[in-house]
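To start, the structure itself, in structure tokens.
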Amino acid sequence: MKKFLAILLAVLMMFCFVISMVGCASHKCDICGKSGASHKFSLLGQEIWYCDDCAKAAGIK
């Protein structure tokens with residue numbers, strides 16, 4: 001029983017680790033190429049990600 005619980009706990013920990021890594025994926029700015037783009041908009045069904053610097057340069061923010 002202890003071996004089963006240890007394996008179950010290891011699987012659950014691995015699952016949580018994978019989910020946290022996928023959830024924290026950062027986006028790349030489609031305009032300048034920097035990682036960490038935090039804004040997006042859709043244009044004709046295409047998602048476009050942009051960073052704060054590009055938003056300021058375009059006068060969006």
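Identifiers in this document derive from the order of the structure tokens: chains are assigned A, B, ..., residues are numbered from 1 separately in each chain, and ligands are numbered from 1 in order of occurrence.
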Would you mind writing down, as an mmCIF file with N, CA, C and O atoms, in the first residue's frame, each residue of chain A that DSSP on the backbone assigns to helix (DSSP H, G or I)?
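See out_16.cif below for the written result:
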```cif
data_model
loop_
_atom_site.group_PDB
_atom_site.id
_atom_site.type_symbol
_atom_site.label_atom_id
_atom_site.label_comp_id
_atom_site.auth_asym_id
_atom_site.auth_seq_id
_atom_site.Cartn_x
_atom_site.Cartn_y
_atom_site.Cartn_z
ATOM 1 N N LYS A 2 1.958 1.267 0.761
ATOM 2 C CA LYS A 2 2.832 2.430 0.806
ATOM 3 C C LYS A 2 3.488 2.674 -0.545
ATOM 4 O O LYS A 2 3.647 3.819 -0.968
ATOM 5 N N LYS A 3 3.848 1.588 -1.234
ATOM 6 C CA LYS A 3 4.479 1.731 -2.548
ATOM 7 C C LYS A 3 3.482 2.339 -3.543
ATOM 8 O O LYS A 3 3.840 3.205 -4.332
ATOM 9 N N PHE A 4 2.232 1.909 -3.479
ATOM 10 C CA PHE A 4 1.195 2.454 -4.345
ATOM 11 C C PHE A 4 0.997 3.942 -4.101
ATOM 12 O O PHE A 4 0.905 4.745 -5.036
ATOM 13 N N LEU A 5 0.934 4.343 -2.846
ATOM 14 C CA LEU A 5 0.757 5.761 -2.516
ATOM 15 C C LEU A 5 1.953 6.593 -2.955
ATOM 16 O O LEU A 5 1.797 7.731 -3.412
ATOM 17 N N ALA A 6 3.151 6.037 -2.820
ATOM 18 C CA ALA A 6 4.357 6.750 -3.253
ATOM 19 C C ALA A 6 4.338 6.962 -4.760
ATOM 20 O O ALA A 6 4.676 8.049 -5.253
ATOM 21 N N ILE A 7 3.942 5.950 -5.509
ATOM 22 C CA ILE A 7 3.867 6.072 -6.970
ATOM 23 C C ILE A 7 2.775 7.057 -7.365
ATOM 24 O O ILE A 7 2.963 7.901 -8.243
ATOM 25 N N LEU A 8 1.635 6.963 -6.689
ATOM 26 C CA LEU A 8 0.535 7.887 -6.971
ATOM 27 C C LEU A 8 0.950 9.330 -6.691
ATOM 28 O O LEU A 8 0.673 10.233 -7.478
ATOM 29 N N LEU A 9 1.628 9.552 -5.593
ATOM 30 C CA LEU A 9 2.096 10.890 -5.253
ATOM 31 C C LEU A 9 3.104 11.400 -6.278
ATOM 32 O O LEU A 9 3.051 12.561 -6.687
ATOM 33 N N ALA A 10 3.999 10.538 -6.729
ATOM 34 C CA ALA A 10 4.980 10.934 -7.738
ATOM 35 C C ALA A 10 4.302 11.306 -9.052
ATOM 36 O O ALA A 10 4.676 12.290 -9.700
ATOM 37 N N VAL A 11 3.300 10.548 -9.449
ATOM 38 C CA VAL A 11 2.570 10.852 -10.687
ATOM 39 C C VAL A 11 1.821 12.175 -10.548
ATOM 40 O O VAL A 11 1.824 12.996 -11.470
ATOM 41 N N LEU A 12 1.187 12.404 -9.427
ATOM 42 C CA LEU A 12 0.472 13.663 -9.215
ATOM 43 C C LEU A 12 1.418 14.865 -9.205
ATOM 44 O O LEU A 12 1.096 15.918 -9.753
ATOM 45 N N MET A 13 2.576 14.698 -8.607
ATOM 46 C CA MET A 13 3.560 15.786 -8.591
ATOM 47 C C MET A 13 4.059 16.080 -10.004
ATOM 48 O O MET A 13 4.214 17.248 -10.377
ATOM 49 N N MET A 14 4.293 15.046 -10.790
ATOM 50 C CA MET A 14 4.737 15.242 -12.175
ATOM 51 C C MET A 14 3.646 15.931 -12.988
ATOM 52 O O MET A 14 3.925 16.825 -13.776
ATOM 53 N N PHE A 15 2.401 15.534 -12.778
ATOM 54 C CA PHE A 15 1.285 16.164 -13.475
ATOM 55 C C PHE A 15 1.195 17.650 -13.129
ATOM 56 O O PHE A 15 1.032 18.493 -14.008
ATOM 57 N N CYS A 16 1.317 17.990 -11.861
ATOM 58 C CA CYS A 16 1.282 19.397 -11.441
ATOM 59 C C CYS A 16 2.438 20.187 -12.033
ATOM 60 O O CYS A 16 2.271 21.329 -12.448
ATOM 61 N N PHE A 17 3.610 19.591 -12.099
ATOM 62 C CA PHE A 17 4.773 20.258 -12.678
ATOM 63 C C PHE A 17 4.548 20.545 -14.160
ATOM 64 O O PHE A 17 4.811 21.654 -14.634
ATOM 65 N N VAL A 18 4.029 19.566 -14.897
ATOM 66 C CA VAL A 18 3.789 19.751 -16.329
ATOM 67 C C VAL A 18 2.731 20.817 -16.567
ATOM 68 O O VAL A 18 2.900 21.684 -17.427
ATOM 69 N N ILE A 19 1.670 20.790 -15.802
ATOM 70 C CA ILE A 19 0.613 21.790 -15.955
ATOM 71 C C ILE A 19 1.134 23.192 -15.654
ATOM 72 O O ILE A 19 0.812 24.148 -16.353
ATOM 73 N N SER A 20 1.968 23.327 -14.639
ATOM 74 C CA SER A 20 2.494 24.650 -14.308
ATOM 75 C C SER A 20 3.434 25.161 -15.394
ATOM 76 O O SER A 20 3.483 26.355 -15.664
ATOM 77 N N MET A 21 4.183 24.285 -16.021
ATOM 78 C CA MET A 21 5.088 24.715 -17.082
ATOM 79 C C MET A 21 4.319 25.137 -18.322
ATOM 80 O O MET A 21 4.675 26.104 -18.988
ATOM 81 N N VAL A 22 3.269 24.432 -18.640
ATOM 82 C CA VAL A 22 2.471 24.770 -19.815
ATOM 83 C C VAL A 22 1.692 26.051 -19.567
ATOM 84 O O VAL A 22 1.569 26.886 -20.455
ATOM 85 N N GLY A 23 1.192 26.243 -18.373
ATOM 86 C CA GLY A 23 0.401 27.425 -18.055
ATOM 87 C C GLY A 23 1.201 28.708 -18.036
ATOM 88 O O GLY A 23 0.659 29.778 -18.241
ATOM 89 N N ASP A 52 4.696 45.645 -24.448
ATOM 90 C CA ASP A 52 4.398 47.003 -23.977
ATOM 91 C C ASP A 52 5.117 48.055 -24.816
ATOM 92 O O ASP A 52 4.561 49.106 -25.111
ATOM 93 N N ASP A 53 6.374 47.777 -25.183
ATOM 94 C CA ASP A 53 7.140 48.749 -25.974
ATOM 95 C C ASP A 53 6.484 49.002 -27.336
ATOM 96 O O ASP A 53 6.399 50.140 -27.790
ATOM 97 N N CYS A 54 6.042 47.942 -27.996
ATOM 98 C CA CYS A 54 5.389 48.100 -29.294
ATOM 99 C C CYS A 54 4.040 48.794 -29.159
ATOM 100 O O CYS A 54 3.635 49.556 -30.034
ATOM 101 N N ALA A 55 3.350 48.543 -28.043
ATOM 102 C CA ALA A 55 2.074 49.216 -27.802
ATOM 103 C C ALA A 55 2.289 50.720 -27.625
ATOM 104 O O ALA A 55 1.530 51.531 -28.147
ATOM 105 N N LYS A 56 3.344 51.092 -26.879
ATOM 106 C CA LYS A 56 3.652 52.514 -26.690
ATOM 107 C C LYS A 56 4.048 53.163 -28.005
ATOM 108 O O LYS A 56 3.653 54.286 -28.296
ATOM 109 N N ALA A 57 4.848 52.461 -28.812
ATOM 110 C CA ALA A 57 5.295 53.009 -30.090
ATOM 111 C C ALA A 57 4.136 53.209 -31.047
ATOM 112 O O ALA A 57 4.126 54.154 -31.831
ATOM 113 N N ALA A 58 3.135 52.334 -30.978
ATOM 114 C CA ALA A 58 1.976 52.449 -31.855
ATOM 115 C C ALA A 58 0.921 53.386 -31.289
ATOM 116 O O ALA A 58 -0.057 53.710 -31.967
#
```
Backbone DSSP call of strand (DSSP E) for chain A, listed as a VMD selection string:
chain A and resid 27 to 28 35 to 37 39 to 43 46 to 50
Based on the selection just made, write N, CA, C and O atoms of those residues as a compact mmCIF listing (two decimals), in the first residue's frame.
```txt
# COMPACT_ATOMS: atom_id res chain seq x y z
N HIS A 27 4.59 34.39 -24.43
CA HIS A 27 4.40 34.59 -25.85
C HIS A 27 5.48 35.50 -26.39
O HIS A 27 6.03 36.33 -25.68
N LYS A 28 5.75 35.38 -27.66
CA LYS A 28 6.74 36.21 -28.33
C LYS A 28 6.01 37.32 -29.08
O LYS A 28 4.97 37.08 -29.70
N SER A 35 10.51 38.19 -26.23
CA SER A 35 9.64 37.27 -25.50
C SER A 35 8.97 38.02 -24.36
O SER A 35 9.47 39.03 -23.89
N GLY A 36 7.84 37.54 -23.94
CA GLY A 36 7.12 38.18 -22.84
C GLY A 36 6.02 39.12 -23.30
O GLY A 36 5.64 40.02 -22.57
N ALA A 37 5.50 38.92 -24.50
CA ALA A 37 4.39 39.75 -24.97
C ALA A 37 3.16 39.46 -24.12
O ALA A 37 2.83 38.32 -23.85
N HIS A 39 0.04 41.34 -24.49
CA HIS A 39 -1.21 41.85 -25.07
C HIS A 39 -1.46 41.12 -26.38
O HIS A 39 -0.53 40.76 -27.09
N LYS A 40 -2.73 40.94 -26.70
CA LYS A 40 -3.06 40.33 -27.98
C LYS A 40 -4.31 40.95 -28.55
O LYS A 40 -5.14 41.50 -27.83
N PHE A 41 -4.41 40.89 -29.86
CA PHE A 41 -5.65 41.25 -30.52
C PHE A 41 -5.82 40.33 -31.71
O PHE A 41 -4.87 39.71 -32.18
N SER A 42 -7.04 40.21 -32.16
CA SER A 42 -7.35 39.34 -33.29
C SER A 42 -7.64 40.19 -34.50
O SER A 42 -8.37 41.18 -34.44
N LEU A 43 -7.05 39.80 -35.60
CA LEU A 43 -7.25 40.49 -36.86
C LEU A 43 -7.57 39.45 -37.92
O LEU A 43 -6.71 38.62 -38.25
N GLN A 46 -6.76 35.93 -36.89
CA GLN A 46 -5.36 35.66 -36.54
C GLN A 46 -5.03 36.40 -35.24
O GLN A 46 -5.26 37.60 -35.13
N GLU A 47 -4.50 35.68 -34.24
CA GLU A 47 -4.09 36.32 -32.99
C GLU A 47 -2.72 36.94 -33.17
O GLU A 47 -1.80 36.30 -33.64
N ILE A 48 -2.60 38.19 -32.78
CA ILE A 48 -1.33 38.92 -32.87
C ILE A 48 -0.96 39.35 -31.46
O ILE A 48 -1.72 40.03 -30.78
N TRP A 49 0.23 38.93 -31.02
CA TRP A 49 0.74 39.27 -29.69
C TRP A 49 1.72 40.42 -29.83
O TRP A 49 2.51 40.47 -30.77
N TYR A 50 1.67 41.37 -28.88
CA TYR A 50 2.60 42.49 -28.89
C TYR A 50 2.99 42.86 -27.46
O TYR A 50 2.27 42.60 -26.52
```
